[in-house]
Amino acid sequence: MASLFNLPPRSTKAGDSLLAKKTSKTSKVDNVGITIKGGDGLLERISNINAMVNKNLGKYIDRYDVIKEENILEKYIDDCIKQGIVSIDTETDSLDPITCTLAGISLYTIGNKAVYIPLHHINYITRAEIENQISDKFITSQMQRLVDNNVKIVMFNAKFDIRVIKNKLNVELIPYWDCYIAARLLNENEPENNLKALHKKYCLKGEGDAFAFDSLFKGIPFTLIPINTGYLYAARDAEITFELFEFQRPFLTKDDPICIERDLTGPAYVFHNIEMPLINIVAEMEDTGIAFDFEFAEKLSKEYNIKLKEAENKFYKLCDDFGEELDKYRERQGAANKLEYPINISSPTQIAIVLYDVLGIEPPDKSKPRATGEEILQKINHPIAKAILEYREIAKLLSTYIDKMPTVVNSKTGRIHASFNQIGANTGRFSSSDPNMQNIPSHNNDIRKMFKATDGYVLLSSDYSAQEPRLTAHMSGDEKMIAAYREGKDLYVEIASIAYNLPYDECKEFREDGTKNPEGKERRNAAKAIVLGVCYGKGVPAIAEDLGVSKKKAQEIYDKVMISFPGLKKFMEDSENMAREKGFVTTVWGRKRRLPNMQLEPYEFSYIDGVPKDFDPLFDEEDEINNDSLEVDENIKRKYINLLNRAYGKKEKEAIKAKARAEGILIKD
């Protein structure tokens, strides 16, 4: 089980299967008038699906069942109530829980076959709903029985199924176990987090077929899949969800010997007391969504398109000032010229030509001599670079927010329903998508005004006050930090006072009489940059860049802060030592962040050609050639490690690595 808890960081997934590639052609309208993604017609696609599913899952035909009669379904629910546990999965015709059609529901409980309950399958030829399916009214009553009898409900990615069943049947299920959330807590570095991959890896021990036929159904709504084919695929999902749950359960049950032995009582606490209760809240957040002001968005679009045109004209006007140089460049290049007229402001190639070839600007980053990204342009002190940045900022606001947001409004509710992943980041942080509501610009109030309160309500904004330093003070136990808070002081001001050796009041943003103190604000911001830099592991060069001071000055301030707050320094060192010793760190509540790379050597050495530069291939004393002679000499390693440890910043380190390469040695950091 070691791989469950100590996997290398996630890697890129291999290419799709050959079958997926064959069916990923452009969309077309098939012979019955249904728009289907994929090159083949609907009849041929479904025929292929039937053949593939029957070939791979046909052996399970007696293991799963379809329930089309109410009395049989009622008896199955009786068994679920008797066992006190059931796994549930839904099949829909889209990924939008609000507007989708619920094709059917799969169930599995102990001592029974996994079953599929068809609800709204359609005849793919006549387009009429197939007869002899369970009615919404009856399935609703049976789902409610599970809730009323407190049956433990096991799911995979429970939030989606909860939302579907709530929106379509008006029953809110409370999940007991979400195998996806459990997997993320047991190993956040897992390369693949889908149900079938996890089941194959942990329940089938990596053997057998993962039954990942999702690509077969791509572009075809599940409502059109014949029931006698679809039930095998759907019912199996409920069964393997339960099997994955049974595998995970001992690891996340706090009093289970396996959980204790694996030191997983912390993640178990987080799972049962934080993550699982949060699922229904997140589902409600997504269903509620947020109101959107179409009128304001339209007005904003007009305003910003005018601004975009003005920014573009400003760029061209500046280019006119260098028209002679631009024309000469075009003449010199002749047929090889890539500089259009007018210049394409959105082309990185053409912008690089203007900046570096025509204007002769020295690249700010020697390792990226032709770069034209935002970070590079910000370092170029030239009006054309500033004009490009201005244009790009407006263009990004238009494409990412102003013109895009109206297109993601839900057609049924007229609201925006973003997706929130409660363990979106490997650290346990939320992430958001479709659209990313956690990334709405704060510096541009216009964008936020597109979102409004529902009529009769108000929007309330709140924020934690200096959350990171407060948590840092608590976790580090630094006495000076804690004392500052107990005395009602602003920690950033206190740190600035120490770093700049000035009275506390001279480092505040506002004076006692309420007037602004620009110098004090600047000192406080510098202290904030240092504290947050320390909290997030920034090095001195990066902090110097944030502060706009020399590396030497940043180092002085940094050292002063570390000396003044010894608890902070010890906390940093203890955290690193814990990661190196155990391969993970923990949060206050016990969540683990596994960092296997921290247990590697700081540097790896190897010969570029596999052998030393002076290696003689004709050397005839073969008995003296062994693996040790092909390893980089320990004295050479020590020499370079000492140089690298004393190096100041990335550039110095790269120069040392380049020197090693010249000697035929590759150093991997």
# chains A, B, ... in the order shown; residues from 1 in each chain; ligands from 1
call {"tool": "residues_around", "arguments": {"residues": "Ile130 (chain A)", "least_positions_apart": "6", "cutoff": "7 Å", "atoms": "only C-alpha atoms", "output": "ChimeraX atom specification"}}
result
/A:121-123
call {"tool": "write_last_selection", "arguments": {"atoms": "all heavy atoms", "output": "PDB file, in the first residue's frame"}}
result
ATOM      1  N   HIS A 121     -34.837   7.134 -20.628  1.00  0.00           N
ATOM      2  CA  HIS A 121     -34.144   6.750 -21.852  1.00  0.00           C
ATOM      3  C   HIS A 121     -35.061   6.992 -23.053  1.00  0.00           C
ATOM      4  O   HIS A 121     -36.277   6.837 -22.971  1.00  0.00           O
ATOM      5  CB  HIS A 121     -33.716   5.283 -21.793  1.00  0.00           C
ATOM      6  CG  HIS A 121     -32.469   5.073 -21.006  1.00  0.00           C
ATOM      7  ND1 HIS A 121     -31.239   4.905 -21.585  1.00  0.00           N
ATOM      8  CD2 HIS A 121     -32.264   5.032 -19.654  1.00  0.00           C
ATOM      9  CE1 HIS A 121     -30.325   4.759 -20.636  1.00  0.00           C
ATOM     10  NE2 HIS A 121     -30.922   4.837 -19.450  1.00  0.00           N
ATOM     11  N   ILE A 122     -34.448   7.363 -24.177  1.00  0.00           N
ATOM     12  CA  ILE A 122     -35.182   7.710 -25.393  1.00  0.00           C
ATOM     13  C   ILE A 122     -34.814   6.730 -26.495  1.00  0.00           C
ATOM     14  O   ILE A 122     -33.651   6.331 -26.625  1.00  0.00           O
ATOM     15  CB  ILE A 122     -34.828   9.152 -25.831  1.00  0.00           C
ATOM     16  CG1 ILE A 122     -35.246  10.149 -24.753  1.00  0.00           C
ATOM     17  CG2 ILE A 122     -35.471   9.506 -27.162  1.00  0.00           C
ATOM     18  CD1 ILE A 122     -34.672  11.542 -24.965  1.00  0.00           C
ATOM     19  N   ASN A 123     -35.797   6.357 -27.280  1.00  0.00           N
ATOM     20  CA  ASN A 123     -35.522   5.521 -28.441  1.00  0.00           C
ATOM     21  C   ASN A 123     -34.720   6.334 -29.446  1.00  0.00           C
ATOM     22  O   ASN A 123     -35.171   7.377 -29.918  1.00  0.00           O
ATOM     23  CB  ASN A 123     -36.844   5.060 -29.073  1.00  0.00           C
ATOM     24  CG  ASN A 123     -36.626   4.081 -30.210  1.00  0.00           C
ATOM     25  OD1 ASN A 123     -35.921   4.387 -31.172  1.00  0.00           O
ATOM     26  ND2 ASN A 123     -37.243   2.924 -30.103  1.00  0.00           N
TER      27      ASN A 123
END
call {"tool": "closest_residue", "arguments": {"among": "A:Lys516, A:Ile447, A:Glu129, A:Pro612", "to": "Pro226 (chain A)", "atoms": "only C-alpha atoms"}}
result
A:Glu129
call {"tool": "closest_residue", "arguments": {"among": "A:Lys55, A:Lys368, A:Lys302, A:Arg594", "to": "Tyr356 (chain A)", "atoms": "only C-alpha atoms"}}
result
A:Lys368
call {"tool": "residues_around", "arguments": {"residues": "Lys396 (chain A)", "least_positions_apart": "5", "cutoff": "12 Å", "atoms": "only C-alpha atoms", "output": "number ranges by chain"}}
result
A: 304-305, 308, 346, 374, 389-391, 401-404, 440-441, 447
call {"tool": "closest_residue", "arguments": {"among": "A:Ala387, A:Ile281, A:Ile105, A:Val171", "to": "Lys314 (chain A)", "atoms": "only C-alpha atoms"}}
result
A:Ala387
call {"tool": "select_by_dssp", "arguments": {"residues": "region 360-435 of chain A", "states": "strand (DSSP E or B)", "output": "VMD selection string"}}
result
chain A and resid 409 415 to 416 419 to 421 431 to 433
call {"tool": "residues_around", "arguments": {"residues": "Tyr180 (chain A)", "least_positions_apart": "6", "cutoff": "10 Å", "atoms": "only C-alpha atoms", "output": "list in words"}}
result
Met155, Phe156, Asn157, Ala158, Leu186, Asn193, Asn194, Leu195, Leu198, Thr241, Leu244, Phe245 and Ile423 of chain A
call {"tool": "residues_around", "arguments": {"residues": "Tyr124 (chain A)", "least_positions_apart": "2", "cutoff": "9 Å", "atoms": "only C-alpha atoms", "output": "list in words"}}
result
Val32, Ile34, Leu42, Leu43, Ile46, His121, Ile122, Thr126, Arg127, Ala128, Thr223, Leu224, Ile225 and Pro226 of chain A
call {"tool": "write_last_selection", "arguments": {"atoms": "C-alpha atoms", "output": "PDB file, in the first residue's frame"}}
result
ATOM      1  CA  VAL A  32     -32.151  10.899 -37.734  1.00  0.00           C
ATOM      2  CA  ILE A  34     -29.615  14.436 -33.904  1.00  0.00           C
ATOM      3  CA  LEU A  42     -25.677   7.605 -34.583  1.00  0.00           C
ATOM      4  CA  LEU A  43     -26.800   4.112 -35.591  1.00  0.00           C
ATOM      5  CA  ILE A  46     -24.500   2.865 -30.941  1.00  0.00           C
ATOM      6  CA  HIS A 121     -34.144   6.750 -21.852  1.00  0.00           C
ATOM      7  CA  ILE A 122     -35.182   7.710 -25.393  1.00  0.00           C
ATOM      8  CA  THR A 126     -38.119   7.443 -32.944  1.00  0.00           C
ATOM      9  CA  ARG A 127     -36.925  10.030 -30.364  1.00  0.00           C
ATOM     10  CA  ALA A 128     -39.831   8.964 -28.122  1.00  0.00           C
ATOM     11  CA  THR A 223     -30.512   8.940 -22.539  1.00  0.00           C
ATOM     12  CA  LEU A 224     -29.990   7.599 -26.093  1.00  0.00           C
ATOM     13  CA  ILE A 225     -27.925   4.579 -25.014  1.00  0.00           C
ATOM     14  CA  PRO A 226     -30.071   1.403 -25.171  1.00  0.00           C
TER      15      PRO A 226
END
call {"tool": "residues_around", "arguments": {"residues": "Glu479 (chain A)", "least_positions_apart": "5", "cutoff": "10 Å", "atoms": "only C-alpha atoms", "output": "ChimeraX atom specification"}}
result
/A:473-474,484,565-568
call {"tool": "write_last_selection", "arguments": {"atoms": "N, CA, C and O atoms", "output": "mmCIF file, in the first residue's frame"}}
result
data_model
loop_
_atom_site.group_PDB
_atom_site.id
_atom_site.type_symbol
_atom_site.label_atom_id
_atom_site.label_comp_id
_atom_site.auth_asym_id
_atom_site.auth_seq_id
_atom_site.Cartn_x
_atom_site.Cartn_y
_atom_site.Cartn_z
ATOM 1 N N ALA A 473 1.609 33.165 13.744
ATOM 2 C CA ALA A 473 1.892 33.435 15.164
ATOM 3 C C ALA A 473 1.440 32.260 16.021
ATOM 4 O O ALA A 473 2.152 31.811 16.927
ATOM 5 N N HIS A 474 0.247 31.752 15.729
ATOM 6 C CA HIS A 474 -0.290 30.635 16.512
ATOM 7 C C HIS A 474 0.558 29.373 16.334
ATOM 8 O O HIS A 474 0.936 28.714 17.306
ATOM 9 N N ALA A 484 2.313 40.969 20.409
ATOM 10 C CA ALA A 484 1.836 42.082 19.577
ATOM 11 C C ALA A 484 0.322 42.014 19.413
ATOM 12 O O ALA A 484 -0.380 43.032 19.525
ATOM 13 N N PHE A 565 12.234 37.567 15.542
ATOM 14 C CA PHE A 565 11.143 36.616 15.787
ATOM 15 C C PHE A 565 11.700 35.193 15.682
ATOM 16 O O PHE A 565 11.481 34.494 14.687
ATOM 17 N N PRO A 566 12.422 34.752 16.707
ATOM 18 C CA PRO A 566 13.080 33.435 16.661
ATOM 19 C C PRO A 566 12.106 32.273 16.514
ATOM 20 O O PRO A 566 12.442 31.244 15.933
ATOM 21 N N GLY A 567 10.896 32.448 17.049
ATOM 22 C CA GLY A 567 9.899 31.377 16.928
ATOM 23 C C GLY A 567 9.515 31.131 15.485
ATOM 24 O O GLY A 567 9.268 29.990 15.076
ATOM 25 N N LEU A 568 9.476 32.211 14.704
ATOM 26 C CA LEU A 568 9.138 32.100 13.295
ATOM 27 C C LEU A 568 10.211 31.302 12.550
ATOM 28 O O LEU A 568 9.907 30.403 11.768
#
call {"tool": "atom_distance", "arguments": {"atom1": "CA of Leu547 (chain A)", "atom2": "CA of Ile563 (chain A)"}}
result
19.7 Å
call {"tool": "residues_around", "arguments": {"residues": "Glu239 (chain A)", "least_positions_apart": "6", "cutoff": "12 Å", "atoms": "only C-alpha atoms", "output": "compact mmCIF listing (two decimals) with N, CA and C atoms, in the first residue's frame"}}
result
# COMPACT_ATOMS: atom_id res chain seq x y z
N TYR A 60 -20.39 -10.15 -17.28
CA TYR A 60 -21.04 -9.71 -16.04
C TYR A 60 -22.56 -9.62 -16.19
N ARG A 63 -24.46 -10.60 -13.35
CA ARG A 63 -24.03 -9.98 -12.09
C ARG A 63 -24.80 -8.69 -11.80
N TYR A 64 -25.33 -8.10 -12.87
CA TYR A 64 -26.06 -6.84 -12.74
C TYR A 64 -27.48 -7.01 -13.24
N ASP A 65 -28.33 -6.07 -12.86
CA ASP A 65 -29.74 -6.19 -13.23
C ASP A 65 -30.33 -4.83 -13.55
N VAL A 86 -25.78 1.96 1.12
CA VAL A 86 -25.99 1.79 -0.31
C VAL A 86 -25.04 2.71 -1.06
N SER A 87 -24.56 2.26 -2.21
CA SER A 87 -23.79 3.16 -3.08
C SER A 87 -24.70 3.59 -4.22
N ILE A 88 -24.58 4.86 -4.61
CA ILE A 88 -25.48 5.46 -5.60
C ILE A 88 -24.66 6.18 -6.67
N ASP A 89 -25.10 6.04 -7.92
CA ASP A 89 -24.49 6.77 -9.03
C ASP A 89 -25.60 7.16 -10.00
N SER A 106 -28.12 4.19 -10.51
CA SER A 106 -27.57 2.87 -10.18
C SER A 106 -27.45 2.73 -8.66
N LEU A 107 -27.73 1.53 -8.16
CA LEU A 107 -27.65 1.24 -6.72
C LEU A 107 -26.89 -0.06 -6.49
N TYR A 108 -26.22 -0.11 -5.35
CA TYR A 108 -25.64 -1.39 -4.92
C TYR A 108 -25.67 -1.44 -3.41
N THR A 109 -26.15 -2.55 -2.88
CA THR A 109 -26.07 -2.79 -1.44
C THR A 109 -25.62 -4.22 -1.20
N ILE A 110 -25.11 -4.48 -0.02
CA ILE A 110 -24.53 -5.77 0.34
C ILE A 110 -25.56 -6.90 0.16
N GLY A 111 -25.09 -8.00 -0.42
CA GLY A 111 -25.95 -9.18 -0.57
C GLY A 111 -26.88 -9.12 -1.77
N ASN A 112 -26.74 -8.10 -2.61
CA ASN A 112 -27.60 -7.95 -3.78
C ASN A 112 -26.75 -7.70 -5.02
N LYS A 113 -27.39 -7.83 -6.18
CA LYS A 113 -26.74 -7.42 -7.41
C LYS A 113 -26.73 -5.90 -7.48
N ALA A 114 -25.77 -5.36 -8.18
CA ALA A 114 -25.83 -3.94 -8.51
C ALA A 114 -26.90 -3.77 -9.57
N VAL A 115 -27.71 -2.72 -9.45
CA VAL A 115 -28.85 -2.56 -10.37
C VAL A 115 -28.85 -1.17 -11.01
N TYR A 116 -29.49 -1.11 -12.17
CA TYR A 116 -29.69 0.17 -12.86
C TYR A 116 -31.18 0.41 -13.00
N VAL A 154 -23.02 6.00 -0.07
CA VAL A 154 -21.66 6.04 -0.58
C VAL A 154 -21.70 6.51 -2.03
N MET A 155 -20.83 7.46 -2.37
CA MET A 155 -20.80 8.00 -3.73
C MET A 155 -19.37 8.27 -4.16
N PHE A 156 -19.20 8.58 -5.42
CA PHE A 156 -17.93 9.07 -5.95
C PHE A 156 -18.21 10.41 -6.59
N LEU A 195 -12.82 7.35 -10.94
CA LEU A 195 -13.28 6.14 -10.25
C LEU A 195 -12.63 4.87 -10.79
N LYS A 196 -12.65 4.71 -12.10
CA LYS A 196 -12.19 3.44 -12.67
C LYS A 196 -10.69 3.24 -12.49
N HIS A 199 -10.12 2.35 -8.79
CA HIS A 199 -10.60 0.99 -8.51
C HIS A 199 -9.63 -0.04 -9.06
N CYS A 203 -8.25 -1.78 -5.93
CA CYS A 203 -9.12 -2.93 -5.68
C CYS A 203 -8.75 -4.13 -6.56
N LEU A 232 -25.23 -2.38 -17.98
CA LEU A 232 -24.01 -3.06 -17.57
C LEU A 232 -22.95 -2.06 -17.12
N TYR A 233 -22.80 -1.02 -17.91
CA TYR A 233 -21.81 0.02 -17.61
C TYR A 233 -22.22 0.80 -16.36
N PHE A 245 -14.87 2.10 -1.70
CA PHE A 245 -15.18 2.54 -0.34
C PHE A 245 -14.68 1.53 0.69
N GLU A 246 -14.91 0.25 0.44
CA GLU A 246 -14.48 -0.78 1.40
C GLU A 246 -12.96 -0.81 1.52
call {"tool": "select_by_dssp", "arguments": {"residues": "region 113-348 of chain A", "states": "helix (DSSP H, G or I)", "output": "PyMOL selection string"}}
result
chain A and resi 136-148+158-169+179-186+195-203+214-217+222-224+227-252+257-261+265-288+294-321+323-336+348
call {"tool": "closest_residue", "arguments": {"among": "A:Met405, A:Asp136, A:Gly414, A:Met450", "to": "Asn436 (chain A)", "atoms": "only C-alpha atoms"}}
result
A:Met405
call {"tool": "closest_residue", "arguments": {"among": "A:Arg249, A:Lys201, A:His417, A:Lys452", "to": "Met437 (chain A)", "atoms": "only C-alpha atoms"}}
result
A:His417
call {"tool": "atom_distance", "arguments": {"atom1": "CA of Lys449 (chain A)", "atom2": "CA of Ser419 (chain A)"}}
result
20.4 Å
call {"tool": "closest_residue", "arguments": {"among": "A:Gly520, A:Pro191, A:Gly219, A:Pro364", "to": "Gly41 (chain A)", "atoms": "only C-alpha atoms"}}
result
A:Gly219
